Amino acid sequence: MSANPHLSRRGLLGMSAAVPLALALGSGTAHAADSAYAMVYFTESTKLGDGTDYGLHLAISPDGLNWTPLNQNNALVTPTAGALGLRDPFLMRKQDGTFVVLATDLKGTDWNYNSQYIHVWDSADLRTFTGYRRLKLHDMATHSWAPEAFWDAGRRQYAVIYSSVNSSGHNVIMVNYTTDFVTASAPQVFFDPGYDVIDGDMAVGVNGYNYLYFKKNQTLVGARSTTLNPGSFTEFGTGVAHGGTEAPTVVKSLTSGTWWLWGDTYTPNGVFYAWQSTSLASGTWTALDQRTYTQPVNSKHCGIATITTAEYDNLLAKWGAPAWNRLKSYNFPSRYVRHADYLGRIDAYPIEPYKDSLWTLVPGLADSSGVSFRSVNHPTRYLRHYNYALRLDVDDNTSTFAADATFHRTAGLADATWSSFRSHNNPTRYIRHADYALRIDPVSTTTDRQDATFRVGY
């Protein structure tokens with residue numbers, strides 16, 4: 001087992017994201033073409049305090065890059081057996097068009113906790129989760145980390161892969177075969193390159209190859225094979241990392257030939273980075289600009305599958321979008337608007353306490369066509385300007401406060417798909433950051449426009 005105290009695991013990839021729909025479903029039940037994405041994850045704040053929850057969380061995205069957490073980023077279901085918590089959830093659409101969720105049987109960060117089981121749920125539509133059970137995989141005195149599954153058409157069974165320490169003395173990727181995720185065949189070694197490997201993630205049937213991505217040391221690495229046979233995969237390509245990185249998740253764009261590789265860092269804990277490639281066979285990846293993607297707040301070790309437009313709409317109707325927003329800086333996209341000591345500023349994610357970066361956007365206190373920013377964790381306080389600096393003050397019900405706390409949202413000054421915010425009572429000035437502190441200033445230069453542009457998301 002790795003000596004790294006922050007070691008985690010991994011989850012992803014419904015079959016339909018890896019191969020054409022007809023091939024993915026084989027003779028199974030057909031369903032409408034997928035057009036959006038669902039992400040499962042658990043949550044962990046940097047200090048394992050508020051914002052930490054070892055239940056099953058769900059987010060959706062129309063583009064696979066910017067995510068809307070459902071149920072106010074609260075868990076939808078939580079395990080009721082084993083460790084009574086989960087890590088590393090994985091989501092897959094089965095051959096019959098329904099979904100299965102797998103997860104590590106572990107609550108918290110006790111890496112010495114052993115479980116021969118994984119958590120399993122069934123779901124017809126991701127609106128309800130039924131048939132909760134634990135699936136036993138082996139009899140070894142070790143763990144069963146980061147379970148994932150894929151359809152092995154040659155065997156006409158699902159392969160469940162996961163990481164365990166076997167007789168080799170290090171983590172290898174094991175495999176069991178199942179038709180129902182209720183019982184499984186005896187375990188076999190799926191991949192053992194001779195060193196510790198965890199967090200296996202598969203892309204099946206891509207131009208004649210099957211791909212396995214995994215964590216090697218602190219890096220995400222690929223292996224490939226022309227078959228799905230245990231022991232047939234060979235490492236290839238160039239690894240990627242951003243600090244200590246784990247939990248690879250490979251997703252294919254539904255609208256282009258682009259592949260995305262997500263990774264979860266633990267230095268600091270819980271920051272997702274993403275890379276892209278137009279060819280898995282090339283074995284090379286290019287880092288994505290953080291402007292292009294936004295992870296759910298406090299999300300850890302995600303699993304992503306594709307869904308239909310109807311499923312996307314039904315999930316949003318069932319669980320609802322958050323009642324709050326986060327604001328990402330355009331030119332410092334690792335940073336978000338937050339309050340600290342009642343002053344407005346932009347700081348790097350993750351932010352502790354995380355609710356300092358959550359805002360309820362309400363109709364402008366001085367003009368309902370504008371917007372005011374009410375703090376989620378100090379709901380009597382709003383962002384307002386005072387001597388041009390932004391600070392978090394209690395609404396004193398004066399017209400001056402209302403005007404100081406009201407802004408007019410416009411197309412982003414640096415990017416019209418983002419947003420900028422013009423002061424209501426100082427209309428030549430916009431909210432911008434300067435040395436990471438928020439203030440209202442006139443905007444004239446390219447840098448000014450970038451400083452004054454934000455993405456309103458979750």
# chains A, B, ... in the order shown; residues from 1 in each chain; ligands from 1

call {"tool": "residues_around", "arguments": {"residues": "region 316-327 of chain A", "least_positions_apart": "5", "cutoff": "8 Å", "atoms": "only C-alpha atoms", "output": "PyMOL selection string"}}
result
chain A and resi 68-73+127+336-337+357-361+376+454-458

call {"tool": "residues_around", "arguments": {"residues": "Asp34 (chain A)", "least_positions_apart": "2", "cutoff": "7 Å", "atoms": "only C-alpha atoms", "output": "short mmCIF file (atom, residue, chain, number, x, y, z; two decimals) with N, CA and C atoms, in the first residue's frame"}}
result
data_model
loop_
_atom_site.label_atom_id
_atom_site.label_comp_id
_atom_site.auth_asym_id
_atom_site.auth_seq_id
_atom_site.Cartn_x
_atom_site.Cartn_y
_atom_site.Cartn_z
N ALA A 32 -32.49 6.38 -25.97
CA ALA A 32 -32.26 7.59 -26.77
C ALA A 32 -30.79 7.99 -26.71
N ALA A 36 -25.79 14.59 -22.74
CA ALA A 36 -25.33 15.33 -21.57
C ALA A 36 -24.57 14.35 -20.67
N THR A 306 -22.59 9.25 -19.52
CA THR A 306 -23.41 10.09 -20.37
C THR A 306 -24.89 9.77 -20.16
N ILE A 307 -25.72 10.80 -20.36
CA ILE A 307 -27.17 10.68 -20.17
C ILE A 307 -27.89 11.39 -21.32
N THR A 308 -29.19 11.14 -21.41
CA THR A 308 -29.99 11.77 -22.46
C THR A 308 -30.48 13.15 -22.02
N THR A 309 -30.98 13.90 -22.98
CA THR A 309 -31.57 15.21 -22.66
C THR A 309 -32.74 15.05 -21.69
#

call {"tool": "atom_distance", "arguments": {"atom1": "CA of Asn66 (chain A)", "atom2": "CA of Thr417 (chain A)"}}
result
13.3 Å

call {"tool": "residues_around", "arguments": {"residues": "Tyr213 (chain A)", "least_positions_apart": "5", "cutoff": "10 Å", "atoms": "only C-alpha atoms", "output": "mmCIF file with N, CA and C atoms, in the first residue's frame"}}
result
data_model
loop_
_atom_site.group_PDB
_atom_site.id
_atom_site.type_symbol
_atom_site.label_atom_id
_atom_site.label_comp_id
_atom_site.auth_asym_id
_atom_site.auth_seq_id
_atom_site.Cartn_x
_atom_site.Cartn_y
_atom_site.Cartn_z
ATOM 1 N N VAL A 197 -0.400 0.012 -7.894
ATOM 2 C CA VAL A 197 -1.316 0.713 -8.788
ATOM 3 C C VAL A 197 -2.707 0.701 -8.181
ATOM 4 N N ILE A 198 -3.392 1.836 -8.270
ATOM 5 C CA ILE A 198 -4.772 1.948 -7.807
ATOM 6 C C ILE A 198 -5.573 2.743 -8.831
ATOM 7 N N ASP A 199 -6.872 2.794 -8.616
ATOM 8 C CA ASP A 199 -7.773 3.686 -9.356
ATOM 9 C C ASP A 199 -7.825 3.362 -10.841
ATOM 10 N N GLY A 200 -8.131 2.126 -11.182
ATOM 11 C CA GLY A 200 -8.242 1.755 -12.586
ATOM 12 C C GLY A 200 -9.498 2.310 -13.232
ATOM 13 N N ASP A 201 -9.355 2.787 -14.474
ATOM 14 C CA ASP A 201 -10.464 3.369 -15.222
ATOM 15 C C ASP A 201 -10.335 2.957 -16.685
ATOM 16 N N MET A 202 -11.413 2.478 -17.274
ATOM 17 C CA MET A 202 -11.350 1.860 -18.601
ATOM 18 C C MET A 202 -12.041 2.688 -19.684
ATOM 19 N N ALA A 203 -11.472 2.620 -20.883
ATOM 20 C CA ALA A 203 -12.131 3.047 -22.113
ATOM 21 C C ALA A 203 -12.050 1.854 -23.065
ATOM 22 N N LEU A 220 -0.989 10.015 -13.285
ATOM 23 C CA LEU A 220 -1.980 9.253 -14.034
ATOM 24 C C LEU A 220 -1.318 8.703 -15.290
ATOM 25 N N VAL A 221 -1.406 7.386 -15.473
ATOM 26 C CA VAL A 221 -0.691 6.687 -16.535
ATOM 27 C C VAL A 221 -1.677 5.793 -17.273
ATOM 28 N N GLY A 222 -1.401 5.492 -18.551
ATOM 29 C CA GLY A 222 -2.244 4.627 -19.342
ATOM 30 C C GLY A 222 -1.572 3.310 -19.684
ATOM 31 N N ALA A 223 -2.401 2.289 -19.882
ATOM 32 C CA ALA A 223 -1.973 1.012 -20.438
ATOM 33 C C ALA A 223 -3.006 0.621 -21.480
ATOM 34 N N ARG A 224 -2.648 -0.312 -22.390
ATOM 35 C CA ARG A 224 -3.613 -0.686 -23.414
ATOM 36 C C ARG A 224 -3.424 -2.140 -23.819
ATOM 37 N N GLU A 235 1.714 -0.877 -20.215
ATOM 38 C CA GLU A 235 1.812 0.572 -20.014
ATOM 39 C C GLU A 235 2.366 1.245 -21.267
ATOM 40 N N GLY A 239 2.654 10.011 -18.735
ATOM 41 C CA GLY A 239 1.763 10.290 -17.623
ATOM 42 C C GLY A 239 1.538 11.776 -17.433
ATOM 43 N N ALA A 247 -7.165 9.095 -9.190
ATOM 44 C CA ALA A 247 -8.554 8.993 -9.650
ATOM 45 C C ALA A 247 -8.756 9.414 -11.098
ATOM 46 N N PRO A 248 -8.058 8.784 -12.061
ATOM 47 C CA PRO A 248 -8.288 9.156 -13.457
ATOM 48 C C PRO A 248 -9.708 8.815 -13.893
ATOM 49 N N THR A 249 -10.284 9.722 -14.655
ATOM 50 C CA THR A 249 -11.613 9.524 -15.231
ATOM 51 C C THR A 249 -11.539 9.965 -16.678
ATOM 52 N N VAL A 250 -11.749 9.028 -17.599
ATOM 53 C CA VAL A 250 -11.638 9.315 -19.028
ATOM 54 C C VAL A 250 -13.037 9.425 -19.614
ATOM 55 N N LEU A 261 -9.385 13.722 -19.760
ATOM 56 C CA LEU A 261 -8.871 12.932 -18.647
ATOM 57 C C LEU A 261 -8.933 13.805 -17.394
#

call {"tool": "residues_around", "arguments": {"residues": "Trp151 (chain A)", "least_positions_apart": "4", "cutoff": "8 Å", "atoms": "only C-alpha atoms", "output": "PDB file with N, CA, C and O atoms, in the first residue's frame"}}
result
ATOM      1  N   MET A  15     -20.189   2.746 -20.668  1.00  0.00           N
ATOM      2  CA  MET A  15     -19.746   2.189 -21.935  1.00  0.00           C
ATOM      3  C   MET A  15     -20.062   3.100 -23.097  1.00  0.00           C
ATOM      4  O   MET A  15     -19.292   3.228 -24.033  1.00  0.00           O
ATOM      5  N   LYS A  94     -25.980   0.184 -17.823  1.00  0.00           N
ATOM      6  CA  LYS A  94     -25.896  -1.244 -18.128  1.00  0.00           C
ATOM      7  C   LYS A  94     -26.481  -1.545 -19.505  1.00  0.00           C
ATOM      8  O   LYS A  94     -27.036  -0.677 -20.179  1.00  0.00           O
ATOM      9  N   GLN A  95     -26.383  -2.808 -19.907  1.00  0.00           N
ATOM     10  CA  GLN A  95     -26.859  -3.233 -21.213  1.00  0.00           C
ATOM     11  C   GLN A  95     -28.361  -3.022 -21.392  1.00  0.00           C
ATOM     12  O   GLN A  95     -28.837  -2.862 -22.516  1.00  0.00           O
ATOM     13  N   ARG A 156     -19.699 -11.862 -22.277  1.00  0.00           N
ATOM     14  CA  ARG A 156     -21.087 -11.513 -22.029  1.00  0.00           C
ATOM     15  C   ARG A 156     -21.340 -11.363 -20.529  1.00  0.00           C
ATOM     16  O   ARG A 156     -22.340 -11.833 -19.976  1.00  0.00           O
ATOM     17  N   GLN A 157     -20.395 -10.713 -19.874  1.00  0.00           N
ATOM     18  CA  GLN A 157     -20.488 -10.409 -18.450  1.00  0.00           C
ATOM     19  C   GLN A 157     -19.891  -9.028 -18.212  1.00  0.00           C
ATOM     20  O   GLN A 157     -19.137  -8.500 -19.033  1.00  0.00           O
ATOM     21  N   TYR A 158     -20.242  -8.479 -17.060  1.00  0.00           N
ATOM     22  CA  TYR A 158     -19.587  -7.252 -16.625  1.00  0.00           C
ATOM     23  C   TYR A 158     -18.308  -7.616 -15.876  1.00  0.00           C
ATOM     24  O   TYR A 158     -18.287  -8.555 -15.073  1.00  0.00           O
ATOM     25  N   ALA A 159     -17.268  -6.875 -16.131  1.00  0.00           N
ATOM     26  CA  ALA A 159     -16.033  -6.998 -15.371  1.00  0.00           C
ATOM     27  C   ALA A 159     -16.014  -5.908 -14.313  1.00  0.00           C
ATOM     28  O   ALA A 159     -16.231  -4.731 -14.628  1.00  0.00           O
TER      29      ALA A 159
END

call {"tool": "closest_residue", "arguments": {"among": "A:Tyr354, A:Tyr436, A:Tyr312, A:Phe150", "to": "Pro296 (chain A)", "atoms": "only C-alpha atoms"}}
result
A:Tyr354

call {"tool": "atom_distance", "arguments": {"atom1": "CA of Asn314 (chain A)", "atom2": "CA of Asp125 (chain A)"}}
result
8.6 Å

call {"tool": "atom_distance", "arguments": {"atom1": "CA of His119 (chain A)", "atom2": "CA of Asp180 (chain A)"}}
result
13.6 Å

call {"tool": "closest_atom_pairs", "arguments": {"of": "region 35-144 of chain A", "to": "region 161-177 of chain A", "cutoff": "9 Å", "atoms": "only C-alpha atoms", "output": "tab-separated table"}}
result
residue	atom	partner	partner_atom	distance
A:Thr104	CA	A:Tyr162	CA	9.0
A:Leu137	CA	A:Asn176	CA	6.8
A:His138	CA	A:Asn176	CA	8.9
A:Met140	CA	A:Asn166	CA	7.3
A:Ala141	CA	A:Val165	CA	8.5
A:Thr142	CA	A:Val165	CA	6.1
A:His143	CA	A:Ser164	CA	5.5
A:Ser144	CA	A:Ser164	CA	5.4

call {"tool": "write_last_selection", "arguments": {"atoms": "N, CA and C atoms", "output": "PDB file, in the first residue's frame"}}
result
ATOM      1  N   THR A 104     -16.508   2.391  -3.138  1.00  0.00           N
ATOM      2  CA  THR A 104     -15.659   1.822  -2.100  1.00  0.00           C
ATOM      3  C   THR A 104     -16.393   1.814  -0.765  1.00  0.00           C
ATOM      4  N   LEU A 137     -16.182  -9.457  -3.061  1.00  0.00           N
ATOM      5  CA  LEU A 137     -15.270  -9.653  -4.182  1.00  0.00           C
ATOM      6  C   LEU A 137     -14.141 -10.633  -3.888  1.00  0.00           C
ATOM      7  N   HIS A 138     -13.724 -10.760  -2.615  1.00  0.00           N
ATOM      8  CA  HIS A 138     -12.573 -11.616  -2.311  1.00  0.00           C
ATOM      9  C   HIS A 138     -12.570 -11.946  -0.829  1.00  0.00           C
ATOM     10  N   MET A 140      -9.478 -11.806   0.896  1.00  0.00           N
ATOM     11  CA  MET A 140      -8.183 -11.337   1.395  1.00  0.00           C
ATOM     12  C   MET A 140      -8.362 -10.313   2.512  1.00  0.00           C
ATOM     13  N   ALA A 141      -7.375 -10.238   3.394  1.00  0.00           N
ATOM     14  CA  ALA A 141      -7.406  -9.262   4.485  1.00  0.00           C
ATOM     15  C   ALA A 141      -6.895  -7.930   3.954  1.00  0.00           C
ATOM     16  N   THR A 142      -7.690  -7.318   3.103  1.00  0.00           N
ATOM     17  CA  THR A 142      -7.292  -6.072   2.461  1.00  0.00           C
ATOM     18  C   THR A 142      -8.549  -5.341   2.012  1.00  0.00           C
ATOM     19  N   HIS A 143      -8.354  -4.268   1.275  1.00  0.00           N
ATOM     20  CA  HIS A 143      -9.451  -3.409   0.845  1.00  0.00           C
ATOM     21  C   HIS A 143      -9.896  -3.771  -0.575  1.00  0.00           C
ATOM     22  N   SER A 144     -10.945  -3.075  -1.021  1.00  0.00           N
ATOM     23  CA  SER A 144     -11.462  -3.196  -2.393  1.00  0.00           C
ATOM     24  C   SER A 144     -11.738  -1.771  -2.870  1.00  0.00           C
TER      25      SER A 144
END

call {"tool": "select_by_dssp", "arguments": {"residues": "region 367-436 of chain A", "states": "strand (DSSP E)", "output": "ChimeraX atom specification"}}
result
/A:371-375,381-386,389-394,407-411,419-423,429-434

call {"tool": "write_last_selection", "arguments": {"atoms": "C-alpha atoms", "output": "compact mmCIF listing (two decimals), in the first residue's frame"}}
result
# COMPACT_ATOMS: atom_id res chain seq x y z
CA VAL A 371 -28.41 42.03 -8.40
CA SER A 372 -27.15 41.95 -4.83
CA PHE A 373 -24.81 39.33 -3.38
CA ARG A 374 -26.02 37.90 -0.08
CA SER A 375 -23.62 35.74 1.88
CA ARG A 381 -24.74 40.53 5.17
CA TYR A 382 -24.24 41.62 1.58
CA LEU A 383 -21.27 42.59 -0.56
CA ARG A 384 -21.22 46.39 -0.82
CA HIS A 385 -18.64 48.97 -1.78
CA TYR A 386 -17.28 51.42 0.79
CA ALA A 389 -13.50 48.55 -1.62
CA LEU A 390 -15.93 45.64 -1.41
CA ARG A 391 -16.80 44.34 2.02
CA LEU A 392 -19.47 42.21 3.67
CA ASP A 393 -21.76 44.38 5.78
CA VAL A 394 -25.09 43.96 7.54
CA PHE A 407 -24.86 45.95 -9.23
CA HIS A 408 -25.98 45.51 -12.81
CA ARG A 409 -24.94 42.31 -14.54
CA THR A 410 -23.59 42.80 -18.04
CA ALA A 411 -21.87 40.67 -20.63
CA SER A 419 -20.34 38.30 -16.63
CA SER A 420 -19.30 41.67 -15.32
CA PHE A 421 -21.02 43.76 -12.64
CA ARG A 422 -21.43 47.53 -12.89
CA SER A 423 -21.98 49.55 -9.73
CA ARG A 429 -17.13 51.54 -12.08
CA TYR A 430 -17.23 47.73 -12.14
CA ILE A 431 -16.43 45.06 -9.59
CA ARG A 432 -12.86 43.94 -10.22
CA HIS A 433 -9.99 42.39 -8.30
CA ALA A 434 -6.69 44.15 -7.63

call {"tool": "decode", "arguments": {"residues": "region 440-452 of chain A", "atoms": "all heavy atoms", "output": "PDB file, in the first residue's frame"}}
result
ATOM      1  N   ILE A 440     -14.468  48.443  -6.651  1.00  0.00           N
ATOM      2  CA  ILE A 440     -15.094  48.943  -7.875  1.00  0.00           C
ATOM      3  C   ILE A 440     -14.198  50.020  -8.456  1.00  0.00           C
ATOM      4  O   ILE A 440     -13.756  50.931  -7.748  1.00  0.00           O
ATOM      5  CB  ILE A 440     -16.527  49.466  -7.646  1.00  0.00           C
ATOM      6  CG1 ILE A 440     -16.566  50.573  -6.589  1.00  0.00           C
ATOM      7  CG2 ILE A 440     -17.464  48.325  -7.265  1.00  0.00           C
ATOM      8  CD1 ILE A 440     -17.895  51.338  -6.550  1.00  0.00           C
ATOM      9  N   ASP A 441     -13.908  49.901  -9.741  1.00  0.00           N
ATOM     10  CA  ASP A 441     -12.993  50.827 -10.417  1.00  0.00           C
ATOM     11  C   ASP A 441     -13.488  51.098 -11.824  1.00  0.00           C
ATOM     12  O   ASP A 441     -14.198  50.262 -12.410  1.00  0.00           O
ATOM     13  CB  ASP A 441     -11.587  50.221 -10.517  1.00  0.00           C
ATOM     14  CG  ASP A 441     -10.784  50.334  -9.234  1.00  0.00           C
ATOM     15  OD1 ASP A 441     -11.087  51.233  -8.427  1.00  0.00           O
ATOM     16  OD2 ASP A 441      -9.861  49.513  -9.041  1.00  0.00           O
ATOM     17  N   PRO A 442     -13.086  52.234 -12.403  1.00  0.00           N
ATOM     18  CA  PRO A 442     -13.285  52.405 -13.843  1.00  0.00           C
ATOM     19  C   PRO A 442     -12.466  51.355 -14.593  1.00  0.00           C
ATOM     20  O   PRO A 442     -11.417  50.912 -14.119  1.00  0.00           O
ATOM     21  CB  PRO A 442     -12.740  53.817 -14.114  1.00  0.00           C
ATOM     22  CG  PRO A 442     -12.699  54.483 -12.776  1.00  0.00           C
ATOM     23  CD  PRO A 442     -12.453  53.407 -11.780  1.00  0.00           C
ATOM     24  N   VAL A 443     -12.965  50.955 -15.743  1.00  0.00           N
ATOM     25  CA  VAL A 443     -12.315  49.890 -16.518  1.00  0.00           C
ATOM     26  C   VAL A 443     -11.914  50.452 -17.872  1.00  0.00           C
ATOM     27  O   VAL A 443     -12.765  50.976 -18.602  1.00  0.00           O
ATOM     28  CB  VAL A 443     -13.264  48.689 -16.678  1.00  0.00           C
ATOM     29  CG1 VAL A 443     -12.706  47.684 -17.662  1.00  0.00           C
ATOM     30  CG2 VAL A 443     -13.536  48.040 -15.329  1.00  0.00           C
ATOM     31  N   SER A 444     -10.609  50.338 -18.206  1.00  0.00           N
ATOM     32  CA  SER A 444     -10.169  50.860 -19.496  1.00  0.00           C
ATOM     33  C   SER A 444      -9.199  49.930 -20.217  1.00  0.00           C
ATOM     34  O   SER A 444      -9.272  49.787 -21.428  1.00  0.00           O
ATOM     35  CB  SER A 444      -9.515  52.238 -19.323  1.00  0.00           C
ATOM     36  OG  SER A 444      -8.425  52.159 -18.415  1.00  0.00           O
ATOM     37  N   THR A 445      -8.303  49.267 -19.492  1.00  0.00           N
ATOM     38  CA  THR A 445      -7.281  48.451 -20.133  1.00  0.00           C
ATOM     39  C   THR A 445      -7.747  46.997 -20.286  1.00  0.00           C
ATOM     40  O   THR A 445      -8.745  46.567 -19.689  1.00  0.00           O
ATOM     41  CB  THR A 445      -5.982  48.456 -19.311  1.00  0.00           C
ATOM     42  OG1 THR A 445      -6.210  47.737 -18.082  1.00  0.00           O
ATOM     43  CG2 THR A 445      -5.541  49.881 -18.997  1.00  0.00           C
ATOM     44  N   THR A 446      -6.998  46.248 -21.079  1.00  0.00           N
ATOM     45  CA  THR A 446      -7.281  44.815 -21.234  1.00  0.00           C
ATOM     46  C   THR A 446      -7.237  44.111 -19.891  1.00  0.00           C
ATOM     47  O   THR A 446      -8.104  43.280 -19.568  1.00  0.00           O
ATOM     48  CB  THR A 446      -6.277  44.178 -22.201  1.00  0.00           C
ATOM     49  OG1 THR A 446      -6.440  44.773 -23.489  1.00  0.00           O
ATOM     50  CG2 THR A 446      -6.495  42.671 -22.302  1.00  0.00           C
ATOM     51  N   THR A 447      -6.240  44.430 -19.080  1.00  0.00           N
ATOM     52  CA  THR A 447      -6.130  43.817 -17.753  1.00  0.00           C
ATOM     53  C   THR A 447      -7.324  44.181 -16.882  1.00  0.00           C
ATOM     54  O   THR A 447      -7.873  43.321 -16.181  1.00  0.00           O
ATOM     55  CB  THR A 447      -4.826  44.240 -17.065  1.00  0.00           C
ATOM     56  OG1 THR A 447      -3.723  43.782 -17.845  1.00  0.00           O
ATOM     57  CG2 THR A 447      -4.723  43.646 -15.663  1.00  0.00           C
ATOM     58  N   ASP A 448      -7.733  45.457 -16.937  1.00  0.00           N
ATOM     59  CA  ASP A 448      -8.913  45.873 -16.166  1.00  0.00           C
ATOM     60  C   ASP A 448     -10.122  45.021 -16.539  1.00  0.00           C
ATOM     61  O   ASP A 448     -10.876  44.560 -15.667  1.00  0.00           O
ATOM     62  CB  ASP A 448      -9.257  47.345 -16.452  1.00  0.00           C
ATOM     63  CG  ASP A 448      -8.250  48.325 -15.896  1.00  0.00           C
ATOM     64  OD1 ASP A 448      -7.442  47.928 -15.046  1.00  0.00           O
ATOM     65  OD2 ASP A 448      -8.289  49.496 -16.323  1.00  0.00           O
ATOM     66  N   ARG A 449     -10.310  44.834 -17.859  1.00  0.00           N
ATOM     67  CA  ARG A 449     -11.484  44.084 -18.313  1.00  0.00           C
ATOM     68  C   ARG A 449     -11.424  42.634 -17.835  1.00  0.00           C
ATOM     69  O   ARG A 449     -12.440  42.054 -17.462  1.00  0.00           O
ATOM     70  CB  ARG A 449     -11.596  44.165 -19.834  1.00  0.00           C
ATOM     71  CG  ARG A 449     -12.028  45.544 -20.342  1.00  0.00           C
ATOM     72  CD  ARG A 449     -12.362  45.519 -21.820  1.00  0.00           C
ATOM     73  NE  ARG A 449     -11.166  45.431 -22.639  1.00  0.00           N
ATOM     74  CZ  ARG A 449     -10.450  46.474 -23.036  1.00  0.00           C
ATOM     75  NH1 ARG A 449     -10.810  47.705 -22.679  1.00  0.00           N
ATOM     76  NH2 ARG A 449      -9.390  46.307 -23.795  1.00  0.00           N
ATOM     77  N   GLN A 450     -10.237  42.052 -17.844  1.00  0.00           N
ATOM     78  CA  GLN A 450     -10.098  40.677 -17.346  1.00  0.00           C
ATOM     79  C   GLN A 450     -10.341  40.622 -15.834  1.00  0.00           C
ATOM     80  O   GLN A 450     -11.009  39.704 -15.359  1.00  0.00           O
ATOM     81  CB  GLN A 450      -8.706  40.134 -17.694  1.00  0.00           C
ATOM     82  CG  GLN A 450      -8.500  39.949 -19.171  1.00  0.00           C
ATOM     83  CD  GLN A 450      -7.118  39.384 -19.482  1.00  0.00           C
ATOM     84  OE1 GLN A 450      -6.233  39.338 -18.639  1.00  0.00           O
ATOM     85  NE2 GLN A 450      -6.943  38.950 -20.728  1.00  0.00           N
ATOM     86  N   ASP A 451      -9.814  41.609 -15.112  1.00  0.00           N
ATOM     87  CA  ASP A 451     -10.019  41.654 -13.663  1.00  0.00           C
ATOM     88  C   ASP A 451     -11.495  41.792 -13.304  1.00  0.00           C
ATOM     89  O   ASP A 451     -11.915  41.403 -12.211  1.00  0.00           O
ATOM     90  CB  ASP A 451      -9.271  42.830 -13.043  1.00  0.00           C
ATOM     91  CG  ASP A 451      -7.755  42.658 -13.039  1.00  0.00           C
ATOM     92  OD1 ASP A 451      -7.287  41.545 -13.338  1.00  0.00           O
ATOM     93  OD2 ASP A 451      -7.063  43.649 -12.721  1.00  0.00           O
ATOM     94  N   ALA A 452     -12.282  42.346 -14.221  1.00  0.00           N
ATOM     95  CA  ALA A 452     -13.690  42.644 -13.958  1.00  0.00           C
ATOM     96  C   ALA A 452     -14.632  41.611 -14.550  1.00  0.00           C
ATOM     97  O   ALA A 452     -15.848  41.840 -14.608  1.00  0.00           O
ATOM     98  CB  ALA A 452     -14.038  44.028 -14.496  1.00  0.00           C
TER      99      ALA A 452
END
